[in-house]
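Peer 1: This is work-v2.txt (compact mmCIF, C-alpha atoms and all ligand atoms).
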# COMPACT_ATOMS: atom_id res chain seq x y z
CA MET A 162 134.30 94.67 74.60
CA SER A 163 137.47 94.89 72.53
CA VAL A 164 140.09 92.94 74.50
CA LYS A 165 142.31 93.23 71.45
CA HIS A 166 142.45 97.01 71.53
CA GLY A 167 142.65 97.11 75.29
CA LEU A 168 145.78 94.95 75.29
CA LEU A 169 147.32 96.85 72.39
CA ALA A 170 146.75 100.15 74.19
CA LEU A 171 148.50 98.81 77.29
CA LEU A 172 151.46 97.60 75.20
CA CYS A 173 151.87 101.13 73.85
CA GLU A 174 153.13 102.05 77.33
CA GLY A 175 155.97 99.52 77.03
CA PRO A 176 156.63 95.77 76.58
CA ARG A 177 154.81 93.44 78.97
CA TYR A 178 154.34 89.74 79.70
CA GLY A 179 150.93 88.19 79.20
CA TYR A 180 150.22 87.82 82.91
CA GLU A 181 151.23 91.46 83.44
CA LEU A 182 148.76 92.51 80.76
CA LYS A 183 145.97 90.68 82.51
CA SER A 184 146.61 92.38 85.84
CA ALA A 185 147.21 95.80 84.25
CA PHE A 186 143.91 95.53 82.35
CA GLU A 187 142.01 94.61 85.50
CA ALA A 188 143.75 97.25 87.60
CA ARG A 189 142.69 99.95 85.13
CA THR A 190 139.13 98.92 84.44
CA GLY A 191 138.20 97.50 87.82
CA THR A 192 136.82 94.03 88.32
CA THR A 193 133.83 94.60 86.07
CA TRP A 194 135.26 92.73 83.10
CA PRO A 195 137.67 90.13 84.43
CA LEU A 196 139.95 88.53 81.82
CA ASN A 197 141.08 84.96 82.00
CA VAL A 198 144.68 84.16 81.15
CA GLY A 199 143.63 81.95 78.26
CA GLN A 200 141.78 84.87 76.68
CA VAL A 201 144.91 87.04 77.00
CA TYR A 202 147.16 84.47 75.31
CA THR A 203 144.75 83.67 72.45
CA THR A 204 144.35 87.40 71.81
CA LEU A 205 148.12 87.93 71.86
CA ALA A 206 148.58 85.01 69.45
CA ARG A 207 146.10 86.58 67.04
CA LEU A 208 147.72 90.00 67.38
CA GLU A 209 151.12 88.44 66.65
CA ARG A 210 149.76 86.61 63.60
CA ASP A 211 148.40 89.92 62.27
CA GLY A 212 151.71 91.69 62.87
CA LEU A 213 150.35 94.07 65.53
CA VAL A 214 152.61 92.77 68.33
CA ALA A 215 155.96 90.94 68.34
CA ARG A 216 157.85 88.84 70.88
CA ASP A 217 160.75 90.56 72.58
CA GLY A 218 162.52 87.86 74.60
CA GLU A 219 161.25 85.79 77.51
CA ASP A 220 161.60 85.47 81.27
CA PRO A 221 163.43 82.54 82.99
CA GLU A 222 160.16 80.54 83.12
CA GLY A 223 159.72 80.91 79.38
CA HIS A 224 156.91 83.50 79.33
CA ALA A 225 157.14 85.64 76.20
CA LEU A 226 157.59 89.40 76.50
CA TYR A 227 155.42 91.24 74.00
CA ARG A 228 155.87 94.66 72.42
CA VAL A 229 153.65 96.62 70.04
CA THR A 230 154.78 96.97 66.41
CA ALA A 231 154.49 100.09 64.24
CA THR A 232 151.34 98.60 62.65
CA GLY A 233 149.99 97.93 66.13
CA THR A 234 150.61 101.52 67.18
CA ARG A 235 148.71 102.76 64.14
CA GLU A 236 145.84 100.40 64.95
CA VAL A 237 145.58 101.84 68.46
CA GLU A 238 145.69 105.40 67.16
CA ASP A 239 142.79 104.54 64.85
CA TRP A 240 140.90 103.05 67.80
CA TRP A 241 141.26 106.23 69.87
CA SER A 242 140.16 108.36 66.92
CA GLN A 243 136.97 106.41 66.19
CA ALA A 244 133.67 106.37 68.06
CA VAL A 245 132.59 103.00 69.46
CA GLU A 246 129.84 101.51 67.31
CA ARG A 247 126.56 100.79 69.01
CA GLU A 248 124.76 98.70 66.45
CA ALA A 249 122.97 96.10 68.50
CA PRO A 250 121.38 97.73 71.56
CA PRO A 251 121.41 95.16 74.36
CA ARG A 252 117.87 96.02 75.47
CA ASP A 253 116.35 94.81 72.23
CA GLU A 254 114.76 91.86 73.97
CA LEU A 255 113.18 94.22 76.46
CA ALA A 256 111.84 96.53 73.76
CA ILE A 257 110.31 93.56 71.96
CA LYS A 258 108.85 92.19 75.18
CA LEU A 259 107.21 95.52 75.99
CA ALA A 260 105.91 96.03 72.48
CA LEU A 261 104.23 92.64 72.71
CA ALA A 262 102.95 93.25 76.25
CA VAL A 263 101.13 96.40 75.13
CA GLY A 264 99.10 94.56 72.53
CA LEU A 265 98.32 91.31 74.31
CA PRO A 266 95.20 90.82 76.44
CA GLY A 267 95.88 89.33 79.84
CA VAL A 268 99.35 90.90 80.11
CA ASP A 269 99.59 94.09 82.19
CA ALA A 270 102.33 96.06 80.48
CA ARG A 271 102.65 98.28 83.58
CA ASP A 272 103.59 95.24 85.66
CA VAL A 273 106.11 94.12 83.08
CA LEU A 274 107.56 97.63 83.16
CA GLN A 275 107.68 97.73 86.94
CA ARG A 276 109.42 94.37 87.25
CA GLN A 277 112.09 95.56 84.86
CA ARG A 278 112.40 98.89 86.66
CA THR A 279 112.90 97.19 90.01
CA ALA A 280 115.54 94.86 88.56
CA THR A 281 117.40 97.71 86.89
CA VAL A 282 117.30 99.89 90.01
CA ARG A 283 118.67 96.94 91.98
CA ALA A 284 121.54 96.65 89.52
CA LEU A 285 122.11 100.38 90.02
CA GLN A 286 122.25 99.91 93.77
CA THR A 287 124.91 97.24 93.29
CA HIS A 288 127.02 99.39 90.96
CA THR A 289 126.76 102.30 93.42
CA ARG A 290 127.84 100.16 96.36
CA LYS A 291 130.82 98.89 94.40
CA LYS A 292 131.71 102.46 93.54
CA LYS A 293 131.45 103.52 97.16
CA ALA A 294 133.74 100.65 98.15
CA LEU A 295 136.52 101.74 95.76
CA PRO A 296 139.65 103.17 97.33
CA ALA A 297 139.62 107.00 97.19
CA GLY A 298 141.21 108.32 94.03
CA ASP A 299 140.56 105.25 91.87
CA THR A 300 139.12 107.42 89.11
CA ALA A 301 139.62 104.86 86.34
CA ALA A 302 137.59 102.12 88.04
CA SER A 303 134.96 104.62 89.10
CA LEU A 304 134.54 105.79 85.49
CA VAL A 305 133.90 102.22 84.40
CA LEU A 306 131.21 101.79 87.05
CA ASP A 307 129.74 105.17 86.06
CA ALA A 308 129.29 103.80 82.54
CA LEU A 309 127.10 101.03 83.95
CA VAL A 310 125.30 103.46 86.25
CA PHE A 311 124.38 105.89 83.48
CA ALA A 312 123.33 103.09 81.12
CA ALA A 313 121.02 101.67 83.79
CA GLU A 314 119.63 105.12 84.53
CA ALA A 315 118.90 105.62 80.84
CA GLU A 316 117.00 102.36 80.82
CA VAL A 317 114.88 103.45 83.81
CA ARG A 318 114.16 106.79 82.14
CA TRP A 319 113.04 104.97 79.05
CA LEU A 320 110.81 102.70 81.16
CA ASP A 321 109.31 105.80 82.84
CA HIS A 322 108.70 107.26 79.42
CA CYS A 323 106.97 104.07 78.25
CA GLU A 324 104.77 104.06 81.34
CA ALA A 325 103.76 107.70 80.87
CA ARG A 326 102.89 106.89 77.25
CA LEU A 327 100.82 103.93 78.34
CA SER A 328 98.82 105.90 80.91
CA ARG A 329 98.09 108.58 78.34
CA ALA A 330 96.87 105.97 75.92
CA ARG A 331 94.64 104.52 78.66
CA ASN A 332 93.18 107.90 79.45
CA GLY A 333 92.22 108.30 75.83
CA ALA A 334 94.60 111.19 75.11
CA ARG A 335 97.21 110.96 72.42
CA MET B 165 113.55 95.11 117.56
CA THR B 166 114.52 98.77 117.81
CA THR B 167 111.93 101.45 117.09
CA PRO B 168 112.11 102.71 113.50
CA VAL B 169 112.90 106.43 113.18
CA LEU B 170 109.94 106.77 110.84
CA GLU B 171 106.92 104.55 110.56
CA LEU B 172 103.84 104.94 108.38
CA ARG B 173 100.92 102.61 109.15
CA GLY B 174 98.26 102.60 106.49
CA ALA B 175 98.83 106.30 105.93
CA ALA B 176 96.30 107.83 103.55
CA ARG B 177 95.55 111.37 102.41
CA VAL B 178 92.37 112.39 100.65
CA HIS B 179 91.86 115.93 99.37
CA GLY B 180 88.25 117.09 99.23
CA SER B 181 85.33 114.70 99.42
CA GLY B 182 82.55 113.08 97.43
CA THR B 183 82.86 112.84 93.69
CA THR B 184 85.70 115.37 93.54
CA ALA B 185 87.83 113.62 96.18
CA VAL B 186 91.48 113.15 95.22
CA HIS B 187 93.17 110.15 96.80
CA ALA B 188 96.76 111.37 96.96
CA LEU B 189 97.87 108.49 99.18
CA ARG B 190 95.86 105.29 99.65
CA GLY B 191 97.29 103.50 102.66
CA VAL B 192 101.05 103.25 102.75
CA ASP B 193 103.08 101.15 105.19
CA LEU B 194 106.69 102.13 105.50
CA GLN B 195 109.40 101.77 108.12
CA VAL B 196 112.74 103.54 108.00
CA ALA B 197 115.35 102.53 110.55
CA ALA B 198 118.27 104.55 111.85
CA GLY B 199 121.10 104.30 109.33
CA GLU B 200 118.78 103.62 106.43
CA LEU B 201 118.46 105.62 103.22
CA VAL B 202 115.16 104.96 101.46
CA ALA B 203 114.39 106.43 98.04
CA VAL B 204 110.85 106.98 96.76
CA MET B 205 110.24 106.92 93.02
CA GLY B 206 107.07 107.14 90.96
CA PRO B 207 105.39 109.10 88.19
CA SER B 208 104.29 112.69 88.65
CA GLY B 209 101.17 112.82 90.83
CA SER B 210 101.77 109.36 92.35
CA GLY B 211 101.89 110.82 95.89
CA LYS B 212 105.62 111.19 96.60
CA SER B 213 105.48 114.74 98.01
CA THR B 214 102.31 113.88 99.93
CA LEU B 215 104.06 110.91 101.56
CA LEU B 216 106.99 113.07 102.56
CA ALA B 217 104.84 115.95 103.86
CA ILE B 218 102.88 113.54 106.03
CA ALA B 219 106.07 111.95 107.32
CA GLY B 220 107.42 115.37 108.29
CA GLY B 221 104.22 116.54 109.96
CA LEU B 222 103.69 119.29 107.38
CA ASP B 223 100.48 117.66 106.25
CA THR B 224 98.17 115.35 108.19
CA ALA B 225 97.08 111.87 107.18
CA THR B 226 93.32 111.59 106.80
CA SER B 227 93.59 108.01 108.03
CA GLY B 228 96.36 105.78 109.32
CA GLU B 229 99.18 106.66 111.65
CA VAL B 230 102.59 108.33 111.36
CA LEU B 231 105.18 107.77 114.07
CA VAL B 232 108.52 109.53 114.42
CA GLU B 233 110.85 107.75 116.85
CA GLY B 234 107.81 105.87 118.10
CA VAL B 235 105.77 109.02 118.81
CA PRO B 236 102.45 109.25 116.92
CA LEU B 237 102.27 112.66 115.23
CA SER B 238 98.50 112.68 115.76
CA GLY B 239 99.21 113.09 119.48
CA LEU B 240 101.30 116.25 119.04
CA ASP B 241 99.86 119.76 119.09
CA GLY B 242 101.11 122.60 116.88
CA SER B 243 104.03 123.50 119.08
CA GLY B 244 105.03 119.86 119.53
CA LEU B 245 105.10 119.43 115.76
CA ALA B 246 107.05 122.66 115.32
CA GLN B 247 109.64 121.53 117.82
CA LEU B 248 109.98 118.17 116.10
CA ARG B 249 110.59 119.93 112.79
CA ARG B 250 113.21 122.27 114.26
CA ARG B 251 115.07 119.61 116.14
CA ALA B 252 114.72 116.07 114.85
CA VAL B 253 113.48 116.35 111.28
CA GLY B 254 115.27 118.09 108.41
CA TYR B 255 113.12 118.82 105.38
CA VAL B 256 114.21 119.80 101.86
CA PHE B 257 111.20 121.20 100.00
CA GLN B 258 110.63 120.56 96.31
CA GLU B 259 110.20 124.34 95.96
CA LEU B 260 113.07 125.16 98.38
CA ASN B 261 111.25 127.80 100.55
CA LEU B 262 114.34 129.89 101.35
CA LEU B 263 113.72 133.19 103.11
CA PRO B 264 114.74 135.93 100.66
CA ALA B 265 115.57 138.50 103.35
CA LEU B 266 118.15 136.23 104.99
CA THR B 267 121.61 135.37 103.63
CA ALA B 268 122.52 131.76 102.83
CA VAL B 269 124.20 131.15 106.18
CA GLU B 270 121.32 132.84 108.07
CA ASN B 271 118.83 130.61 106.29
CA VAL B 272 120.81 127.53 107.29
CA ALA B 273 121.30 128.68 110.90
CA LEU B 274 117.63 129.60 111.37
CA PRO B 275 116.23 126.26 112.61
CA LEU B 276 118.98 126.03 115.24
CA GLU B 277 118.44 129.60 116.39
CA LEU B 278 114.68 129.11 116.61
CA ASP B 279 115.42 126.11 118.76
CA GLY B 280 117.46 128.16 121.21
CA THR B 281 121.03 127.58 120.01
CA ARG B 282 123.27 130.64 120.57
CA ALA B 283 123.56 132.71 117.42
CA ARG B 284 127.31 132.28 117.14
CA ASP B 285 127.15 128.49 117.55
CA ALA B 286 124.29 128.24 115.07
CA ARG B 287 126.33 130.24 112.57
CA THR B 288 129.40 128.03 113.05
CA ALA B 289 127.32 124.88 112.52
CA ALA B 290 125.66 126.42 109.45
CA LEU B 291 129.01 127.37 107.92
CA ARG B 292 130.31 123.86 108.45
CA VAL B 293 127.44 122.26 106.50
CA LEU B 294 127.66 124.88 103.75
CA ASP B 295 131.35 124.06 103.49
CA GLU B 296 130.59 120.34 103.13
CA LEU B 297 128.39 121.30 100.19
CA GLY B 298 131.10 123.41 98.58
CA MET B 299 129.23 126.63 99.38
CA SER B 300 131.42 128.34 102.00
CA GLY B 301 132.39 131.14 99.62
CA LEU B 302 128.75 132.09 99.05
CA ALA B 303 127.51 132.01 102.65
CA GLY B 304 126.93 135.77 102.78
CA ARG B 305 124.81 135.96 99.62
CA PHE B 306 121.05 136.37 99.53
CA PRO B 307 119.03 133.60 97.80
CA ASP B 308 118.13 135.88 94.88
CA ASP B 309 121.81 136.35 94.13
CA LEU B 310 122.46 132.61 93.93
CA SER B 311 121.98 130.24 90.98
CA GLY B 312 119.23 127.62 91.18
CA GLY B 313 121.72 124.89 92.03
CA GLU B 314 123.34 127.03 94.72
CA GLN B 315 119.96 127.81 96.29
CA GLN B 316 119.25 124.12 96.29
CA ARG B 317 122.43 123.42 98.22
CA VAL B 318 121.46 126.08 100.80
CA ALA B 319 118.11 124.35 101.24
CA ILE B 320 119.89 121.01 101.71
CA ALA B 321 122.28 122.54 104.23
CA ARG B 322 119.32 123.89 106.20
CA ALA B 323 117.87 120.37 106.41
CA LEU B 324 121.16 118.81 107.50
CA VAL B 325 122.33 121.36 110.07
CA GLY B 326 122.37 120.18 113.67
CA GLU B 327 122.13 116.49 114.41
CA ARG B 328 118.91 115.71 112.54
CA ARG B 329 117.84 112.12 113.04
CA LEU B 330 115.37 112.10 110.16
CA VAL B 331 116.09 113.85 106.86
CA LEU B 332 113.27 114.12 104.32
CA ALA B 333 114.29 115.43 100.92
CA ASP B 334 111.93 116.09 98.01
CA GLU B 335 113.84 116.11 94.71
CA PRO B 336 116.83 117.81 96.34
CA THR B 337 119.09 117.59 93.31
CA GLY B 338 116.81 118.75 90.51
CA ALA B 339 118.85 121.84 89.66
CA LEU B 340 122.27 120.28 90.19
CA ASP B 341 124.69 118.92 87.59
CA SER B 342 125.44 115.21 87.86
CA VAL B 343 128.69 115.51 89.81
CA THR B 344 127.29 118.01 92.33
CA GLY B 345 124.13 115.91 92.66
CA GLU B 346 126.25 112.88 93.40
CA GLY B 347 128.11 114.91 96.03
CA VAL B 348 124.80 115.65 97.75
CA LEU B 349 123.92 111.96 97.75
CA GLU B 350 127.33 111.10 99.18
CA LEU B 351 126.64 113.58 101.96
CA LEU B 352 123.17 112.12 102.67
CA ARG B 353 124.64 108.63 102.57
CA GLY B 354 127.30 109.72 105.04
CA ARG B 355 124.64 111.06 107.42
CA CYS B 356 122.80 107.76 107.23
CA ASP B 357 125.98 105.76 107.78
CA ALA B 358 126.46 107.92 110.88
CA GLY B 359 123.01 106.88 112.14
CA ALA B 360 120.42 109.21 110.59
CA ALA B 361 117.37 107.94 108.71
CA CYS B 362 116.67 109.51 105.35
CA VAL B 363 113.84 109.45 102.82
CA LEU B 364 114.71 110.81 99.40
CA VAL B 365 112.12 111.50 96.72
CA THR B 366 113.72 111.45 93.29
CA HIS B 367 112.93 110.65 89.69
CA GLU B 368 116.60 110.02 88.93
CA ALA B 369 117.40 106.33 89.23
CA ARG B 370 121.11 107.12 89.40
CA LEU B 371 120.54 108.88 92.73
CA ALA B 372 118.12 106.23 93.98
CA GLY B 373 121.02 103.81 93.46
CA TRP B 374 122.55 105.18 96.68
CA ALA B 375 119.58 103.97 98.73
CA ASP B 376 119.33 100.78 100.75
CA ARG B 377 115.75 100.42 99.57
CA VAL B 378 113.85 102.01 96.73
CA VAL B 379 110.09 102.18 97.12
CA PHE B 380 107.97 102.61 93.99
CA LEU B 381 104.68 104.50 94.21
CA ARG B 382 101.86 104.41 91.70
CA ASP B 383 98.49 106.13 92.20
CA GLY B 384 99.09 106.58 95.92
CA LEU B 385 100.13 103.00 96.61
CA VAL B 386 103.47 101.24 97.05
CA VAL B 387 103.66 98.82 94.13
CA ASP B 388 107.18 97.44 94.51
CA GLU B 389 110.46 97.75 96.33
CA ALA B 390 114.11 97.23 95.35
CA ARG B 391 116.52 96.21 98.10
CA ALA B 392 120.25 96.62 97.66
CA GLU B 393 122.13 93.35 97.69
CA VAL B 394 124.80 93.03 100.34
CA LEU B 395 128.19 92.93 98.68
CA ALA B 396 130.47 90.05 99.58
N1 LIG A 401 95.81 120.46 97.92
C1 LIG A 401 95.44 119.52 97.02
N2 LIG A 401 94.18 119.42 96.60
C2 LIG A 401 93.82 118.47 95.72
N3 LIG A 401 94.66 117.55 95.21
C3 LIG A 401 95.94 117.60 95.59
C4 LIG A 401 96.42 118.59 96.52
N4 LIG A 401 97.75 118.38 96.71
C5 LIG A 401 98.07 117.33 95.94
N5 LIG A 401 97.00 116.87 95.27
C6 LIG A 401 96.95 115.71 94.33
O1 LIG A 401 97.50 114.59 94.98
C7 LIG A 401 98.22 113.77 94.07
C8 LIG A 401 99.61 113.52 94.59
O2 LIG A 401 100.35 114.73 94.58
P1 LIG A 401 101.88 114.79 94.99
O3 LIG A 401 102.28 116.22 95.05
O4 LIG A 401 102.11 113.96 96.20
O5 LIG A 401 102.55 114.08 93.73
P2 LIG A 401 104.10 113.80 93.41
O6 LIG A 401 104.27 112.33 93.29
O7 LIG A 401 104.96 114.51 94.41
O8 LIG A 401 104.26 114.44 91.97
P3 LIG A 401 105.51 115.26 91.32
O9 LIG A 401 106.48 114.22 90.83
O10 LIG A 401 104.87 115.97 90.16
O11 LIG A 401 106.08 116.20 92.34
C9 LIG A 401 98.18 114.50 92.74
O12 LIG A 401 97.19 113.92 91.96
C10 LIG A 401 97.83 115.92 93.13
O13 LIG A 401 97.11 116.55 92.10
MG MG A 402 106.29 116.15 94.28
Mind turning this structure into structure tokens?
Peer 2:
Amino acid sequence: MSVKHGLLALLCEGPRYGYELKSAFEARTGTTWPLNVGQVYTTLARLERDGLVARDGEDPEGHALYRVTATGTREVEDWWSQAVEREAPPRDELAIKLALAVGLPGVDARDVLQRQRTATVRALQTHTRKKKALPAGDTAASLVLDALVFAAEAEVRWLDHCEARLSRARNGAR
Amino acid sequence: MTTPVLELRGAARVHGSGTTAVHALRGVDLQVAAGELVAVMGPSGSGKSTLLAIAGGLDTATSGEVLVEGVPLSGLDGSGLAQLRRRAVGYVFQELNLLPALTAVENVALPLELDGTRARDARTAALRVLDELGMSGLAGRFPDDLSGGEQQRVAIARALVGERRLVLADEPTGALDSVTGEGVLELLRGRCDAGAACVLVTHEARLAGWADRVVFLRDGLVVDEARAEVLA
């Protein structure tokens, strides 16, 4: 998750204090990826060092107001124009586990599959309940939860596919 | 403890006998309470439609017992079963089963009319459900003049019309796009939250995510169950 680009994108709407950025980020994306304040300030410090944001005064308590620089604006435009890279699929461990389960005596790959399916469906139930609990019209937060829902569904479909493959192999067909 | 709306006790269904016998269902225990949405998932041929047909009294268990609101279906005669299906149980068939000679709204109103509701009241109730499914503009069309997804929504409306206490739906969203399919699930969920019991057969995990419990079938047996966690 690119906190850096998320914060930059928010600053493109206008200057903000660090604590405002934190709450704006969470308000937009829901509570799925909470940010801690420390993370916000370290990221801002790095962005400032790289010339992507600059300080623009401070409030009476001494919190710095940040604005995006021209370089920062260009960086965000690049971010919008590029696809997100998906190099390391997070289910690698699962794929490896299943590949091993298929070959090993004494391990029932169908049980391994089913345990995973149950766990993933349970996660789906949780995402769906959270979605149902959102206030009506909170499209942004519901889109974030949909991302988790569709990813989990894809995993279940893949598990179903693996199981169908396994039963064919058992029945001697190709 | 209150009586479950649906209860299966060791329900089994064998087709044929001897060496050619097919064990479609091998002894399933299942309870669905009022307010509960239960999804059934499993590979093709695992017995999902058989389970549902037995629960709705469309097929008979070869052993075991099926109870709807505490009443064993084995004790009902043909007309008792027919009345149960018109009044208490709504059924969405995998292959829809719409009557081609009736318009959408007539198809939806039919179970109420057969049960003695006045034609005008049945029509009003039918139009209301069609409207909830975004179909009010197409109520006067015949099934053959509707798209697959639209026909599917008519079939769903027919199962929901009236105050059905048990809704059994076999792959009700197969022909629907993801947003419309989600709308159907929201509607089913709403019925359950209002006190109905619902069993949904689906191969789409995204839709099963709306259920309180997801039951997994394999070769005619329940092999696992996922229960939704209660959110804080
Ligand atoms: N009338 C019948 N005679 C013989 N076997 C039958 C009959 N009806 C169903 N079966 C068998 O019973 C098993 C369960 O069928 P069922 O229709 O319940 O599966 P399903 O889980 O609904 O599958 P799908 O996902 O393809 O709809 C299958 O092996 C099927 O071939
Ligand atoms: Mg079926």
Peer 1: Ranking B:Arg190, B:Arg382, B:Lys212, B:His179 by minimum distance to ligand MG 402 (chain A) and counting only C-alpha atoms and all ligand atoms, which one comes first?
Peer 2: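 Distance minimum relative to ligand MG 402 (chain A) lands on B:Lys212.
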Peer 1: Should the cut-off be 10 Å, what would the residue list for chain A against chain B look like, counting only C-alpha atoms, as a PDB file with C-alpha atoms, in the coordinates of the input?
Peer 2:
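Generated file (selection-v6.pdb):
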ATOM      1  CA  ASP A 272     103.590  95.240  85.660  1.00  0.00           C
ATOM      2  CA  GLN A 275     107.680  97.730  86.940  1.00  0.00           C
ATOM      3  CA  ARG A 276     109.420  94.370  87.250  1.00  0.00           C
ATOM      4  CA  ARG A 278     112.400  98.890  86.660  1.00  0.00           C
ATOM      5  CA  THR A 279     112.900  97.190  90.010  1.00  0.00           C
ATOM      6  CA  ALA A 280     115.540  94.860  88.560  1.00  0.00           C
ATOM      7  CA  THR A 281     117.400  97.710  86.890  1.00  0.00           C
ATOM      8  CA  VAL A 282     117.300  99.890  90.010  1.00  0.00           C
ATOM      9  CA  ARG A 283     118.670  96.940  91.980  1.00  0.00           C
ATOM     10  CA  ALA A 284     121.540  96.650  89.520  1.00  0.00           C
ATOM     11  CA  LEU A 285     122.110 100.380  90.020  1.00  0.00           C
ATOM     12  CA  GLN A 286     122.250  99.910  93.770  1.00  0.00           C
ATOM     13  CA  THR A 287     124.910  97.240  93.290  1.00  0.00           C
ATOM     14  CA  HIS A 288     127.020  99.390  90.960  1.00  0.00           C
ATOM     15  CA  THR A 289     126.760 102.300  93.420  1.00  0.00           C
ATOM     16  CA  ARG A 290     127.840 100.160  96.360  1.00  0.00           C
ATOM     17  CA  LYS A 291     130.820  98.890  94.400  1.00  0.00           C
ATOM     18  CA  LYS A 293     131.450 103.520  97.160  1.00  0.00           C
ATOM     19  CA  ALA A 294     133.740 100.650  98.150  1.00  0.00           C
ATOM     20  CA  ASP A 307     129.740 105.170  86.060  1.00  0.00           C
ATOM     21  CA  VAL A 310     125.300 103.460  86.250  1.00  0.00           C
ATOM     22  CA  PHE A 311     124.380 105.890  83.480  1.00  0.00           C
ATOM     23  CA  ALA A 312     123.330 103.090  81.120  1.00  0.00           C
ATOM     24  CA  ALA A 313     121.020 101.670  83.790  1.00  0.00           C
ATOM     25  CA  GLU A 314     119.630 105.120  84.530  1.00  0.00           C
ATOM     26  CA  ALA A 315     118.900 105.620  80.840  1.00  0.00           C
ATOM     27  CA  GLU A 316     117.000 102.360  80.820  1.00  0.00           C
ATOM     28  CA  VAL A 317     114.880 103.450  83.810  1.00  0.00           C
ATOM     29  CA  ARG A 318     114.160 106.790  82.140  1.00  0.00           C
ATOM     30  CA  ASP A 321     109.310 105.800  82.840  1.00  0.00           C
ATOM     31  CA  HIS A 322     108.700 107.260  79.420  1.00  0.00           C
ATOM     32  CA  GLU A 324     104.770 104.060  81.340  1.00  0.00           C
ATOM     33  CA  ALA A 325     103.760 107.700  80.870  1.00  0.00           C
TER      34      ALA A 325
END
Peer 1: Skipping near chain neighbours, those fewer than 2 positions away, what residues fall within 12 Å of stretch 166-173 of chain A using all atoms listed in the file, listed as a ChimeraX atom specification?
Peer 2: /A:162-164,175-190,194,196,200-209,212-217,226-241,245
Peer 1: Show which residues sit within 8 Å of B:Ala339, as a ChimeraX atom specification. Count only C-alpha atoms, and ignore same-chain residues fewer than 6 positions away.
Peer 2: /B:312-313,316
Peer 1: Rounded to one decimal in Å, what is the spacing between atom CA of B:Gly239 and atom C3 of ligand LIG 401 (chain A)?
Peer 2: 24.5 Å
Peer 1: May I have the residues within 9 Å of ligand LIG 401 (chain A), computed using all atoms listed in the file, as a ChimeraX atom specification?
Peer 2: /B:177-180,184-189,205-217,258,334-335,365-367,381-384
Peer 1: Write the residues you've just listed into a file as an mmCIF file, in the coordinates of the input, and include C-alpha atoms for each of them.
Peer 2:
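Written file, selection.cif:
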data_model
loop_
_atom_site.group_PDB
_atom_site.id
_atom_site.type_symbol
_atom_site.label_atom_id
_atom_site.label_comp_id
_atom_site.auth_asym_id
_atom_site.auth_seq_id
_atom_site.Cartn_x
_atom_site.Cartn_y
_atom_site.Cartn_z
ATOM 1 C CA ARG B 177 95.550 111.370 102.410
ATOM 2 C CA VAL B 178 92.370 112.390 100.650
ATOM 3 C CA HIS B 179 91.860 115.930 99.370
ATOM 4 C CA GLY B 180 88.250 117.090 99.230
ATOM 5 C CA THR B 184 85.700 115.370 93.540
ATOM 6 C CA ALA B 185 87.830 113.620 96.180
ATOM 7 C CA VAL B 186 91.480 113.150 95.220
ATOM 8 C CA HIS B 187 93.170 110.150 96.800
ATOM 9 C CA ALA B 188 96.760 111.370 96.960
ATOM 10 C CA LEU B 189 97.870 108.490 99.180
ATOM 11 C CA MET B 205 110.240 106.920 93.020
ATOM 12 C CA GLY B 206 107.070 107.140 90.960
ATOM 13 C CA PRO B 207 105.390 109.100 88.190
ATOM 14 C CA SER B 208 104.290 112.690 88.650
ATOM 15 C CA GLY B 209 101.170 112.820 90.830
ATOM 16 C CA SER B 210 101.770 109.360 92.350
ATOM 17 C CA GLY B 211 101.890 110.820 95.890
ATOM 18 C CA LYS B 212 105.620 111.190 96.600
ATOM 19 C CA SER B 213 105.480 114.740 98.010
ATOM 20 C CA THR B 214 102.310 113.880 99.930
ATOM 21 C CA LEU B 215 104.060 110.910 101.560
ATOM 22 C CA LEU B 216 106.990 113.070 102.560
ATOM 23 C CA ALA B 217 104.840 115.950 103.860
ATOM 24 C CA GLN B 258 110.630 120.560 96.310
ATOM 25 C CA ASP B 334 111.930 116.090 98.010
ATOM 26 C CA GLU B 335 113.840 116.110 94.710
ATOM 27 C CA VAL B 365 112.120 111.500 96.720
ATOM 28 C CA THR B 366 113.720 111.450 93.290
ATOM 29 C CA HIS B 367 112.930 110.650 89.690
ATOM 30 C CA LEU B 381 104.680 104.500 94.210
ATOM 31 C CA ARG B 382 101.860 104.410 91.700
ATOM 32 C CA ASP B 383 98.490 106.130 92.200
ATOM 33 C CA GLY B 384 99.090 106.580 95.920
#
Peer 1: What is the atom CA of B:Arg292 to atom CA of B:Pro264 distance in Å?
Peer 2: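 Spanning atom CA of B:Arg292 to atom CA of B:Pro264 is a straight-line distance of 21.2 Å.
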Peer 1: Which residues come within 7 Å of B:Ala321, counting all atoms listed in the file, excluding same-chain residues fewer than 2 positions away, as a list of chain:residue names?
Peer 2: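 Using all atoms listed in the file, the neighbours found are B:Val272, B:Val293, B:Leu294, B:Arg317, B:Val318, B:Ala319, B:Ala323, B:Leu324, B:Val325.
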Peer 1: What does the structure give for the distance between atom CA of B:Glu233 and atom CA of B:Leu351, in Å to one decimal?
Peer 2: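 Spanning atom CA of B:Glu233 to atom CA of B:Leu351 is a straight-line distance of 22.5 Å.
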Peer 1: Do you know which residues are at most 12 Å from A:Val273 counting all atoms listed in the file, after dropping those on the same chain fewer than 4 positions away, and could you put them as JSON, numbers by chain?
Peer 2: {"A": [255, 256, 257, 258, 259, 260, 261, 262, 263, 267, 268, 269, 277, 278, 279, 280, 320, 323, 324], "B": [388]}
Peer 1: Can you tell me, as a count of residues only, what residues are no more than 12 Å from B:Leu266 when counting all atoms listed in the file, ignoring any on the same chain fewer than 2 positions away?
Peer 2: 19
